[in-house]
Each structure stands twice: as structure tokens, then as C-alpha cells.
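**Q** See structure-v6.csv below, with CSV, C-alpha atoms.
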chain,number,residue,atom,x,y,z
A,867,MET,CA,39.8,-5.3,32.5
A,868,THR,CA,37.7,-5.6,29.4
A,869,HIS,CA,37.8,-8.5,27.1
A,870,VAL,CA,37.2,-8.5,23.3
A,871,VAL,CA,34.1,-10.4,22.2
A,872,GLU,CA,34.4,-12.1,18.9
A,873,PHE,CA,31.8,-11.3,16.2
A,874,ASP,CA,29.6,-14.4,15.5
A,875,SER,CA,28.9,-14.3,11.8
A,876,LYS,CA,26.7,-17.4,11.9
A,877,ASP,CA,24.3,-16.0,14.5
A,878,PHE,CA,24.2,-12.6,12.7
A,879,MET,CA,23.3,-14.2,9.4
A,880,SER,CA,20.6,-16.4,11.0
A,881,ASP,CA,19.0,-13.3,12.5
A,882,PHE,CA,19.5,-11.4,9.2
A,883,GLN,CA,17.6,-14.1,7.3
A,884,ALA,CA,14.8,-14.1,10.0
A,885,LEU,CA,14.4,-10.3,9.7
A,886,ILE,CA,14.3,-10.2,5.9
A,887,GLU,CA,11.8,-13.1,5.8
A,888,CYS,CA,9.6,-11.2,8.4
A,889,GLU,CA,8.1,-8.8,5.9
A,890,SER,CA,7.4,-5.4,7.4
A,891,PHE,CA,5.6,-3.1,4.9
A,892,SER,CA,5.2,0.4,6.3
A,893,GLN,CA,1.5,0.4,5.5
A,894,ASP,CA,0.6,-3.1,6.9
A,895,PRO,CA,0.0,-3.0,10.7
A,896,GLU,CA,-0.1,-6.7,11.1
A,897,SER,CA,3.3,-7.3,9.5
A,898,LEU,CA,4.8,-4.4,11.5
A,899,ALA,CA,3.6,-5.9,14.7
A,900,ARG,CA,5.2,-9.2,13.8
A,901,SER,CA,8.4,-7.4,12.9
A,902,ALA,CA,8.5,-5.4,16.1
A,903,GLN,CA,8.1,-8.6,18.1
A,904,LEU,CA,11.0,-10.3,16.2
A,905,VAL,CA,13.3,-7.3,16.7
A,906,SER,CA,12.4,-7.3,20.4
A,907,ARG,CA,13.2,-11.0,20.7
A,908,ILE,CA,16.5,-10.7,18.9
A,909,GLY,CA,17.5,-7.6,20.8
A,910,THR,CA,16.4,-9.1,24.2
A,911,GLY,CA,18.6,-12.1,23.6
A,912,LEU,CA,21.6,-10.0,22.6
A,913,LEU,CA,21.3,-7.3,25.2
A,914,GLY,CA,19.8,-9.1,28.2
A,915,ALA,CA,17.0,-6.6,28.5
A,916,ALA,CA,13.5,-6.3,27.0
A,917,PRO,CA,12.6,-3.1,25.2
A,918,HIS,CA,9.5,-0.9,25.4
A,919,ILE,CA,7.3,-1.1,22.4
A,920,ILE,CA,5.7,2.3,21.7
A,921,GLU,CA,2.8,2.3,19.2
A,922,THR,CA,1.7,5.4,17.2
A,923,ASP,CA,-1.0,5.0,14.6
A,924,SER,CA,-0.5,1.2,14.3
A,925,HIS,CA,3.2,1.7,13.8
A,926,PRO,CA,5.3,0.0,16.6
A,927,HIS,CA,8.6,1.5,17.6
A,928,VAL,CA,11.1,-0.6,19.6
A,929,LEU,CA,13.1,1.3,22.3
A,930,TRP,CA,15.8,0.2,24.7
A,931,ARG,CA,16.9,2.7,27.3
A,932,PHE,CA,19.9,1.7,29.5
A,933,GLY,CA,20.3,3.5,32.8
A,934,PRO,CA,18.1,6.2,34.4
A,935,GLY,CA,20.2,9.2,33.6
A,936,PRO,CA,20.5,11.6,30.6
A,937,ARG,CA,21.1,10.0,27.2
A,938,ARG,CA,24.7,10.1,26.1
A,939,VAL,CA,24.6,8.1,22.8
A,940,VAL,CA,21.4,7.3,20.8
A,941,LEU,CA,21.4,4.6,18.1
A,942,ILE,CA,18.6,5.0,15.5
A,943,GLY,CA,17.2,2.7,12.9
A,944,HIS,CA,13.9,1.4,11.5
A,945,HIS,CA,12.4,-2.0,10.9
A,946,ASP,CA,9.7,-1.0,8.3
A,947,THR,CA,10.4,-1.3,4.6
A,948,VAL,CA,8.9,-0.1,1.3
A,949,TRP,CA,8.3,-3.6,0.1
A,950,PRO,CA,4.6,-4.8,-0.1
A,951,ILE,CA,3.6,-8.1,1.5
A,952,GLY,CA,4.3,-11.0,-0.8
A,953,THR,CA,7.5,-9.6,-2.3
A,954,LEU,CA,9.4,-12.5,-0.8
A,955,ALA,CA,7.7,-14.8,-3.3
A,956,ASP,CA,9.9,-13.6,-6.2
A,957,PHE,CA,12.6,-11.7,-4.3
A,958,PRO,CA,13.6,-14.1,-1.6
A,959,TYR,CA,16.4,-13.9,0.9
A,960,SER,CA,19.6,-15.3,-0.6
A,961,VAL,CA,23.4,-15.2,0.0
A,962,THR,CA,25.6,-15.7,-3.1
A,963,ASP,CA,29.4,-15.1,-3.0
A,964,GLY,CA,29.0,-12.9,0.1
A,965,VAL,CA,26.2,-10.8,-1.3
A,966,VAL,CA,23.0,-10.8,0.8
A,967,ARG,CA,19.8,-10.1,-1.1
A,968,GLY,CA,16.2,-9.7,-0.2
A,969,PRO,CA,13.6,-7.0,0.7
A,970,GLY,CA,15.2,-4.8,3.4
A,971,ALA,CA,18.6,-6.3,3.2
A,972,ASP,CA,20.3,-2.8,2.8
A,973,ASP,CA,17.4,-0.6,4.0
A,974,MET,CA,17.7,-1.5,6.8
A,975,LYS,CA,17.3,-5.0,8.4
A,976,GLY,CA,21.1,-5.4,8.3
A,977,GLY,CA,21.7,-2.0,9.8
A,978,LEU,CA,19.5,-2.5,12.8
A,979,LEU,CA,21.2,-5.8,13.5
A,980,ILE,CA,24.7,-4.1,13.3
A,981,ALA,CA,23.5,-1.7,16.0
A,982,LEU,CA,22.2,-4.5,18.2
A,983,TYR,CA,25.2,-6.8,17.8
A,984,ALA,CA,27.6,-3.9,18.4
A,985,MET,CA,25.8,-3.0,21.7
A,986,ALA,CA,25.7,-6.6,22.8
A,987,ARG,CA,29.5,-6.7,22.2
A,988,LEU,CA,30.0,-3.4,24.1
A,989,ARG,CA,27.8,-4.6,27.0
A,990,GLU,CA,29.9,-7.8,27.4
A,991,GLU,CA,33.2,-5.8,27.3
A,992,ARG,CA,32.0,-3.0,29.7
A,993,GLY,CA,29.3,-4.7,31.8
A,994,THR,CA,26.9,-1.8,31.3
A,995,LEU,CA,25.3,0.3,28.6
A,996,ASP,CA,24.2,3.1,30.9
A,997,GLY,CA,23.4,6.2,29.0
A,998,VAL,CA,22.7,4.4,25.7
A,999,SER,CA,19.3,4.4,23.9
A,1000,ILE,CA,18.6,2.1,20.9
A,1001,LEU,CA,15.5,3.0,18.9
A,1002,MET,CA,14.1,1.1,15.9
A,1003,THR,CA,11.1,2.8,14.5
A,1004,GLY,CA,8.2,1.5,12.4
A,1005,ASP,CA,7.3,4.4,10.1
A,1006,GLU,CA,10.6,5.9,8.7
A,1007,GLU,CA,9.7,5.0,5.1
A,1008,LEU,CA,6.5,7.2,5.6
A,1009,GLY,CA,8.5,10.2,6.8
A,1010,SER,CA,8.4,9.2,10.5
A,1011,PRO,CA,5.1,11.0,11.3
A,1012,GLY,CA,4.6,9.1,14.6
A,1013,SER,CA,8.1,8.4,15.7
A,1014,ARG,CA,9.6,11.9,15.1
A,1015,GLN,CA,8.8,13.1,18.6
A,1016,ILE,CA,10.2,10.0,20.2
A,1017,ILE,CA,13.4,10.3,18.1
A,1018,GLU,CA,13.8,14.0,19.1
A,1019,ASP,CA,13.1,13.3,22.7
A,1020,GLU,CA,15.7,10.6,22.9
A,1021,ALA,CA,18.4,12.6,21.0
A,1022,ARG,CA,17.9,16.0,22.6
A,1023,GLY,CA,20.9,16.7,24.8
A,1024,ALA,CA,22.8,13.5,23.9
A,1025,LYS,CA,26.5,13.6,23.0
A,1026,ALA,CA,25.9,11.8,19.7
A,1027,ALA,CA,23.3,10.2,17.5
A,1028,LEU,CA,24.4,7.3,15.3
A,1029,VAL,CA,22.1,6.3,12.4
A,1030,PHE,CA,22.2,2.9,10.8
A,1031,GLU,CA,20.9,3.6,7.3
A,1032,SER,CA,23.1,2.0,4.7
A,1033,GLY,CA,26.5,3.4,3.8
A,1034,ALA,CA,27.7,4.3,0.4
A,1035,PRO,CA,28.8,1.4,-1.9
A,1036,ASP,CA,32.5,2.0,-1.0
A,1037,GLY,CA,31.7,2.0,2.7
A,1038,ALA,CA,31.6,5.8,3.1
A,1039,VAL,CA,29.5,7.1,5.9
A,1040,LYS,CA,27.0,9.9,5.4
A,1041,ILE,CA,27.9,13.3,6.9
A,1042,ALA,CA,25.2,15.4,5.3
A,1043,ARG,CA,21.7,15.0,4.1
A,1044,LYS,CA,19.5,17.5,2.5
A,1045,GLY,CA,16.4,18.8,4.3
A,1046,VAL,CA,13.1,17.7,2.9
A,1047,ALA,CA,9.9,19.8,2.4
A,1048,ILE,CA,6.7,18.6,0.8
A,1049,TYR,CA,4.0,20.9,-0.4
A,1050,SER,CA,0.6,20.7,-2.1
A,1051,LEU,CA,-0.5,23.8,-3.9
A,1052,GLU,CA,-4.3,23.8,-4.4
A,1053,VAL,CA,-6.0,26.2,-6.8
A,1054,THR,CA,-9.7,27.1,-6.6
A,1055,GLY,CA,-11.3,28.6,-9.7
A,1056,LEU,CA,-14.9,28.6,-11.1
A,1057,ALA,CA,-16.4,26.2,-13.5
A,1058,ALA,CA,-18.2,27.3,-16.7
A,1059,HIS,CA,-19.0,25.8,-20.1
A,1060,ALA,CA,-15.8,25.9,-22.0
A,1061,GLY,CA,-17.5,26.3,-25.4
A,1062,VAL,CA,-20.6,28.4,-24.6
A,1063,GLU,CA,-19.4,30.9,-22.0
A,1064,PRO,CA,-15.7,30.4,-20.9
A,1065,GLU,CA,-15.4,34.0,-19.9
A,1066,LYS,CA,-17.7,33.3,-16.9
A,1067,GLY,CA,-15.2,30.7,-15.5
A,1068,ILE,CA,-12.0,31.1,-13.6
A,1069,ASN,CA,-9.5,28.7,-15.1
A,1070,ALA,CA,-7.7,26.7,-12.4
A,1071,THR,CA,-5.5,25.0,-15.1
A,1072,ILE,CA,-4.1,28.3,-16.2
A,1073,GLU,CA,-3.5,29.4,-12.6
A,1074,VAL,CA,-1.8,26.2,-11.7
A,1075,ALA,CA,0.4,26.3,-14.8
A,1076,ASN,CA,1.5,29.8,-14.0
A,1077,GLN,CA,2.4,28.7,-10.4
A,1078,VAL,CA,4.3,25.7,-11.7
A,1079,VAL,CA,6.5,28.0,-13.8
A,1080,LYS,CA,7.2,30.1,-10.7
A,1081,ILE,CA,7.9,27.1,-8.5
A,1082,ALA,CA,10.2,25.5,-11.1
A,1083,GLY,CA,12.2,28.8,-11.2
A,1084,LEU,CA,13.2,28.3,-7.5
A,1085,HIS,CA,15.3,25.3,-8.5
A,1086,ASP,CA,18.9,26.2,-7.8
A,1087,PRO,CA,21.5,23.3,-8.1
A,1088,SER,CA,24.4,25.7,-7.4
A,1089,ALA,CA,23.0,26.3,-3.9
A,1090,GLY,CA,22.2,22.6,-3.4
A,1091,THR,CA,18.5,23.3,-3.7
A,1092,SER,CA,16.0,21.4,-5.7
A,1093,VAL,CA,12.3,22.5,-6.1
A,1094,VAL,CA,10.4,20.1,-8.3
A,1095,PRO,CA,6.7,20.2,-9.2
A,1096,THR,CA,5.6,16.6,-9.3
A,1097,VAL,CA,2.1,15.1,-9.5
A,1098,MET,CA,-0.6,17.4,-10.9
A,1099,HIS,CA,-4.3,17.1,-11.4
A,1100,SER,CA,-6.7,19.7,-12.9
A,1101,GLY,CA,-10.2,19.9,-14.2
A,1102,SER,CA,-13.0,17.4,-14.7
A,1103,THR,CA,-14.0,17.3,-18.4
A,1104,THR,CA,-12.7,18.7,-21.7
A,1105,ASN,CA,-15.7,21.0,-22.1
A,1106,THR,CA,-15.6,22.6,-18.6
A,1107,VAL,CA,-13.5,25.5,-17.4
A,1108,PRO,CA,-11.5,23.8,-14.6
A,1109,ALA,CA,-12.6,24.8,-11.1
A,1110,LYS,CA,-10.0,22.8,-9.2
A,1111,ALA,CA,-6.3,22.1,-9.7
A,1112,VAL,CA,-3.5,20.7,-7.4
A,1113,VAL,CA,0.2,20.2,-7.8
A,1114,GLY,CA,2.6,18.4,-5.5
A,1115,VAL,CA,6.1,19.9,-4.9
A,1116,ASP,CA,9.2,18.1,-3.6
A,1117,SER,CA,11.9,20.5,-2.3
A,1118,ARG,CA,15.4,19.6,-0.9
A,1119,ALA,CA,17.9,22.0,0.5
A,1120,ALA,CA,21.4,21.6,1.9
A,1121,SER,CA,21.2,24.3,4.5
A,1122,VAL,CA,18.6,25.4,7.0
A,1123,ALA,CA,18.8,29.0,5.6
A,1124,GLU,CA,18.1,27.8,2.1
A,1125,GLN,CA,15.2,25.6,3.2
A,1126,GLU,CA,13.6,28.4,5.2
A,1127,ARG,CA,14.0,30.8,2.2
A,1128,ILE,CA,12.2,28.4,-0.1
A,1129,ASP,CA,9.5,27.8,2.5
A,1130,ALA,CA,8.9,31.5,2.8
A,1131,ILE,CA,8.5,31.9,-0.9
A,1132,MET,CA,6.2,28.9,-1.2
A,1133,ASN,CA,3.9,30.3,1.5
A,1134,SER,CA,3.8,33.7,-0.2
A,1135,LEU,CA,2.6,32.6,-3.6
A,1136,SER,CA,-0.4,34.6,-4.8
A,1137,PRO,CA,-2.8,34.2,-7.7
A,1138,THR,CA,-2.1,35.4,-11.2
A,1139,VAL,CA,-5.6,34.8,-12.6
A,1140,ALA,CA,-8.3,37.2,-11.5
A,1141,GLY,CA,-10.6,35.6,-9.0
A,1142,ALA,CA,-8.5,32.5,-8.4
A,1143,LYS,CA,-7.6,31.3,-5.0
A,1144,VAL,CA,-4.2,29.7,-4.1
A,1145,ASP,CA,-3.6,27.6,-0.9
A,1146,VAL,CA,-0.3,26.1,0.0
A,1147,LEU,CA,-0.4,23.1,2.3
A,1148,GLY,CA,2.4,21.1,3.8
A,1149,GLY,CA,5.9,22.4,4.6
A,1150,ILE,CA,9.2,21.4,6.0
A,1151,ASN,CA,9.3,17.7,6.9
A,1152,ARG,CA,13.0,17.3,7.8
A,1153,ALA,CA,15.7,20.0,8.5
A,1154,PRO,CA,19.0,19.3,6.8
A,1155,LEU,CA,21.7,17.3,8.4
A,1156,GLU,CA,24.5,19.8,7.8
A,1157,GLU,CA,28.2,18.8,7.7
A,1158,ASN,CA,29.1,20.7,10.8
A,1159,MET,CA,26.8,18.4,12.8
A,1160,ALA,CA,28.8,15.4,11.7
A,1161,MET,CA,32.4,16.3,11.3
A,1162,GLY,CA,33.5,15.7,14.9
A,1163,LEU,CA,32.0,12.2,14.9
A,1164,TYR,CA,33.3,11.5,11.4
A,1165,ALA,CA,36.9,12.4,12.5
A,1166,ARG,CA,36.5,10.0,15.4
A,1167,ALA,CA,35.2,7.2,13.2
A,1168,GLN,CA,38.0,7.7,10.7
A,1169,ARG,CA,40.6,7.4,13.4
A,1170,LEU,CA,39.0,4.4,15.0
A,1171,SER,CA,38.5,2.7,11.6
A,1172,ALA,CA,42.2,3.1,10.8
A,1173,HIS,CA,43.1,1.7,14.3
A,1174,LEU,CA,40.9,-1.3,13.6
A,1175,GLY,CA,42.7,-2.0,10.3
A,1176,HIS,CA,39.7,-1.3,8.1
A,1177,PRO,CA,39.9,0.3,4.7
A,1178,PRO,CA,40.1,4.1,4.8
A,1179,LEU,CA,36.8,5.5,5.9
A,1180,ARG,CA,35.4,8.1,3.5
A,1181,SER,CA,32.3,10.3,3.6
A,1182,VAL,CA,29.5,11.4,1.3
A,1183,ALA,CA,26.7,13.9,1.3
A,1184,VAL,CA,23.4,12.7,-0.1
A,1185,GLY,CA,20.1,14.2,-1.1
A,1186,GLY,CA,17.7,11.9,0.7
A,1187,GLY,CA,16.5,12.4,4.2
A,1188,SER,CA,16.6,10.1,7.2
A,1189,ASP,CA,15.9,10.2,10.9
A,1190,GLY,CA,19.4,11.7,11.3
A,1191,ASN,CA,17.9,14.9,10.0
A,1192,PHE,CA,15.7,15.0,13.1
A,1193,THR,CA,18.5,14.3,15.6
A,1194,ALA,CA,20.7,17.0,14.0
A,1195,GLY,CA,17.7,19.3,14.0
A,1196,VAL,CA,17.5,19.2,17.8
A,1197,GLY,CA,21.3,20.1,18.0
A,1198,THR,CA,22.7,16.6,18.5
A,1199,PRO,CA,26.0,15.7,16.7
A,1200,THR,CA,24.9,13.1,14.2
A,1201,ILE,CA,26.6,10.6,11.8
A,1202,ASP,CA,24.7,8.5,9.4
A,1203,GLY,CA,25.3,5.5,7.1
A,1204,LEU,CA,26.8,3.2,9.8
A,1205,GLY,CA,24.6,0.3,8.5
A,1206,THR,CA,25.3,-2.2,5.8
A,1207,VAL,CA,27.4,-1.5,2.7
A,1208,GLY,CA,25.7,-2.5,-0.5
A,1209,GLY,CA,23.2,-0.8,-2.7
A,1210,GLY,CA,19.9,-0.9,-4.6
A,1211,SER,CA,17.7,0.2,-1.8
A,1212,HIS,CA,14.0,0.2,-2.8
A,1213,ALA,CA,14.8,-1.8,-5.9
A,1214,ARG,CA,15.0,-5.4,-6.9
A,1215,THR,CA,18.8,-5.0,-6.9
A,1216,GLU,CA,18.8,-4.3,-3.1
A,1217,HIS,CA,21.8,-6.1,-1.5
A,1218,ALA,CA,24.3,-5.9,1.3
A,1219,LEU,CA,27.9,-7.1,1.2
A,1220,GLN,CA,28.7,-9.6,3.9
A,1221,VAL,CA,32.4,-8.6,4.2
A,1222,TRP,CA,31.5,-5.1,5.6
A,1223,ILE,CA,29.2,-6.4,8.4
A,1224,PRO,CA,31.9,-7.3,11.0
A,1225,ARG,CA,33.7,-4.0,10.2
A,1226,ARG,CA,30.6,-2.0,10.9
A,1227,VAL,CA,30.0,-3.9,14.2
A,1228,GLU,CA,33.6,-3.3,15.3
A,1229,LEU,CA,33.5,0.4,14.3
A,1230,THR,CA,30.2,1.0,16.1
A,1231,THR,CA,31.4,-0.8,19.2
A,1232,ALA,CA,34.6,1.3,19.4
A,1233,LEU,CA,32.8,4.6,18.6
A,1234,VAL,CA,30.1,4.2,21.3
A,1235,GLY,CA,32.7,2.9,23.8
A,1236,GLU,CA,34.9,5.9,23.3
A,1237,LEU,CA,31.9,8.3,23.6
A,1238,LEU,CA,30.8,6.7,26.8
A,1239,ASP,CA,34.3,6.8,28.3
A,1240,GLU,CA,34.5,10.6,28.0
A,1241,GLU,CA,33.1,12.8,30.7
Please re-express this file's structure in C-alpha cells.

**A**
Amino acid sequence: MTHVVEFDSKDFMSDFQALIECESFSQDPESLARSAQLVSRIGTGLLGAAPHIIETDSHPHVLWRFGPGPRRVVLIGHHDTVWPIGTLADFPYSVTDGVVRGPGADDMKGGLLIALYAMARLREERGTLDGVSILMTGDEELGSPGSRQIIEDEARGAKAALVFESGAPDGAVKIARKGVAIYSLEVTGLAAHAGVEPEKGINATIEVANQVVKIAGLHDPSAGTSVVPTVMHSGSTTNTVPAKAVVGVDSRAASVAEQERIDAIMNSLSPTVAGAKVDVLGGINRAPLEENMAMGLYARAQRLSAHLGHPPLRSVAVGGGSDGNFTAGVGTPTIDGLGTVGGGSHARTEHALQVWIPRRVELTTALVGELLDEE
């Protein structure tokens, strides 16, 4: 017979403070190493097992794998943040009237703790976590270049992937995320004196301007598609016909079909100025997390949340990507936004609401337990 393990808010908040005060900027290897060791120590104490620390390009990823068999449920989070080292000096950890503030409070030091505390509770209730993987990566804020393969390998074939990014301000979980594609369009022209013999040049600025108009025309909000030219550089001096130009493009799409359509068009762009050369670099970074990959898990979570006496669990679709895009991309049912409830991620208003933390721990415990009970 299982027993219900009470949530220890004091221990959680102590660990929460320690994680926030252990700065972990995505581009600082030393801070990431310290953060990974702290996550490892906290998790080892809670779960009774030490993780593997896998390093890719100076980014440590912390992985617990329980049992030797196939993965059944995979819990995904990250311990890196967007906050540069030294941020704590003027944005320290604090708790006022149940609002937790500090760098990474909502994205996602609290979320990774929710996953760890929930699995500690489930382990005490069941005696085993066989079939569960818990992965906390160290490069998510950079687009997960090193951890993507690890994420996909753990998730492939699993019954469910649960992602502990923050929920919406009303506690809604995230059932859809747009896919992300990043491009760099590079134009090569030919320099010449702009005042003496401009006709001998091939103007890269004119070419890139023409391409920007084409690219902006792909933007289609009615289809859930955004295609946005962003940073652009062109030319060298005002009296020289520009020989080089480059523009960055950020594209988001709600469906795989739409993402692939935009990708095909981007890769078929051709020059408009005689003699110019156009090269398109980059491409699809994350496939969309489409609603159909989340609805079954969302229905379970709604039912369990109501059974636990929580406020009605709602859902939301968002434009930003997460590692849940990767798990859905390999065919694994995925639900996101199971972490803290608050707001202000990546801003000085970042915060998490303390009242939601035990609810998220309870919901995660119940959800994983039900998934493990099923054959």
C-alpha cells in the first residue's frame, strides 16, 4: 500500500534560494559547472541516486535514468539562464507576500525543482522510478545545440515527455509551441567607387533590400506564421558600392507543413540584381509542438488536477520554442508549462508565485504515477 508524502515547503524554498543564488549564465562555463553540481547534489539527496553529468561544448547536462528498460516518462528542464554573472548584485533572491523573485526564478530554477521534488515524492510512494528519466540541460537558452541529441534519444519511444518551463500566469499549461527557424541571408556583390564609377559595382545593399521585401511578404499571421527580417548589415563606407550585405531572419510556424513551406521558399531565393550572389544559411531549429501531441496528456492533467482540488487547469498555445518541440518532433506525446506559475521571464520582473508550487508538485506526481501504472 502506498502512502502520501507531504510536500516540504521549507526544504523546497531553501533549495530554490540556493539554485537562484548559484548563477548559471548560458555562456559562462564555470558558472554552469557549479550549477550542474548543485542540481546534482540536490537531486541526489531527493532521489537517492546520483545522476550522470554529460558535457557538450562546456555545457553540462544532468541526467537521471531509473531502471534499465525502455523510457516510459521523460521529465525535461534546464539549469542555464539568460542572466549574466553579477546580476544578483541588483536583482537578488527575495520572497515577499508569496512572490519569489530573482534571476531564473520562473525560467526555470523553480521548474526543475518541481520535477525533482515530485519524483522524490513518487519514489517514496511507489518504491521505484523504473522507466523514468529526468534531464536538466545546460544550453537551452542557446537553442539546445549540444543537448538536442540527448533530449531526442531519451524521449524517443517514451509514453510521455513532461517539460517544466513556466506555466501561464493563470496556471495554464502549454499545449502548443510554434516551431522556430533561424536564417542568415548573405549577399555578395562587387565594390566600386560610388561617385566615380558606380556602374562597375554590384550593389549588395539594393539586393538585400529587395530580398527583405520578399521575405517580409511571407509573414502570414492568419496561418500562425511569422517571418521577420531582423539584424541587417551592409556596406563599408558611404562612397563605396557595397560588396557585402547580410540580414538575419526569425521565422515561427504553428504547423510542420507551414514551417517546411517557408523553409523551401527561403532556400529558393534567387538574386534580383545582375551579378549578385545570394546564399541562405541556417534553417529549422525546432519543429512545432502541435496540439495533437499534447491533448491526451492535457486531458489527463485536467482530470487529475480537478481530483486534487486545484483550480481548473487551462491551456495555452505560445509562440516561443522549448525543448518540448524536440520531444514532440520525435513523436513523443508532450505537455509543457508544468513548472512554476509567475511571469517576467528574461526581465527584471521575473517571479514565481509560491502558492502554485505544491500544486505543481502534486499534479506532476499524480500524472507520472498514472502513466507508469498503465501497461

**Q** Tell me, as a ChimeraX atom specification, which residues lie within 9 Å of Glu1073 in chain A, counting only C-alpha atoms; anything in the same chain fewer than 4 positions away does not count.

**A** /A:1053-1055,1068-1069,1077-1078,1111,1137-1139,1142-1144

**Q** Take the residues from that selection and put them in a file with C-alpha atoms, as a CSV table (one decimal), in the frame of the given file.

**A**
chain,number,residue,atom,x,y,z
A,1053,VAL,CA,-6.0,26.2,-6.8
A,1054,THR,CA,-9.7,27.1,-6.6
A,1055,GLY,CA,-11.3,28.6,-9.7
A,1068,ILE,CA,-12.0,31.1,-13.6
A,1069,ASN,CA,-9.5,28.7,-15.1
A,1077,GLN,CA,2.4,28.7,-10.4
A,1078,VAL,CA,4.3,25.7,-11.7
A,1111,ALA,CA,-6.3,22.1,-9.7
A,1137,PRO,CA,-2.8,34.2,-7.7
A,1138,THR,CA,-2.1,35.4,-11.2
A,1139,VAL,CA,-5.6,34.8,-12.6
A,1142,ALA,CA,-8.5,32.5,-8.4
A,1143,LYS,CA,-7.6,31.3,-5.0
A,1144,VAL,CA,-4.2,29.7,-4.1

**Q** Please compute the CA of Thr1071 in chain A-CA of Ser1100 in chain A distance, one decimal, in Å.

**A**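 Answer for the CA of Thr1071 in chain A to CA of Ser1100 in chain A separation: 5.9 Å.
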
**Q** Write out as number ranges by chain the residues lying within 12 Å of Val1079 in chain A, counting only C-alpha atoms and excluding same-chain residues fewer than 4 positions away.

**A** A: 1072-1075, 1083-1085, 1093-1095, 1113, 1135, 1138

**Q** A:Pro1177, A:Pro1011, A:Gly1101, A:Pro1035: which is nearest Leu1229 in chain A, counting all atoms listed in the file?

**A**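 Using all atoms listed in the file, Leu1229 in chain A sits closest to A:Pro1177.
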
**Q** Between CA of Gly1033 in chain A and CA of Gly1012 in chain A, measure the distance and give it in Å to one decimal.

**A**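 These atoms are spaced 25.1 Å apart.
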
**Q** With all atoms listed in the file as the atoms that count, which of A:Pro926, A:Gly933, A:Gly1148, A:Gly1114 lies nearest to Ser892 in chain A?

**A** A:Pro926

**Q** How many Å separate CA of Glu1126 in chain A from CA of Gly1023 in chain A?

**A**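 Rounded to one decimal, the two atoms are 24.0 Å apart.
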
**Q** Closest to Leu1008 in chain A among A:Asp1086, A:Asp894, A:Glu1020, A:Glu1228, using only C-alpha atoms?

**A** A:Asp894

**Q** Identify the residues within 10 Å of coordinate (31.6, 12.6, 2.8) (same frame as the file), considering all atoms listed in the file, and give the answer as a compact mmCIF listing (two decimals) with C-alpha atoms, in the coordinates of the input.

**A**
# COMPACT_ATOMS: atom_id res chain seq x y z
CA ALA A 1034 27.70 4.30 0.40
CA ALA A 1038 31.60 5.80 3.10
CA VAL A 1039 29.50 7.10 5.90
CA LYS A 1040 27.00 9.90 5.40
CA ILE A 1041 27.90 13.30 6.90
CA ALA A 1042 25.20 15.40 5.30
CA GLU A 1157 28.20 18.80 7.70
CA ALA A 1160 28.80 15.40 11.70
CA MET A 1161 32.40 16.30 11.30
CA TYR A 1164 33.30 11.50 11.40
CA LEU A 1179 36.80 5.50 5.90
CA ARG A 1180 35.40 8.10 3.50
CA SER A 1181 32.30 10.30 3.60
CA VAL A 1182 29.50 11.40 1.30
CA ALA A 1183 26.70 13.90 1.30
CA VAL A 1184 23.40 12.70 -0.10

**Q** Select, from A:Leu988, A:Cys888, A:Ile1201, A:Ala1089, the residue with the minimum atom-to-atom distance to Gly952 in chain A, counting all atoms listed in the file.

**A** A:Cys888

**Q** From the set A:Ala1167, A:Leu912, A:Val1227, A:Ala899, which residue has the shortest atom-to-atom contact distance to Ile980 in chain A, counting all atoms listed in the file?

**A** A:Val1227

**Q** At a cut-off of 10 Å, using all atoms listed in the file, what residues contact Ser1010 in chain A? Leave out same-chain residues fewer than 4 positions from it and give the result as a ChimeraX atom specification.

**A** /A:925,944,1003-1006,1014-1017,1151-1152,1188-1189,1192
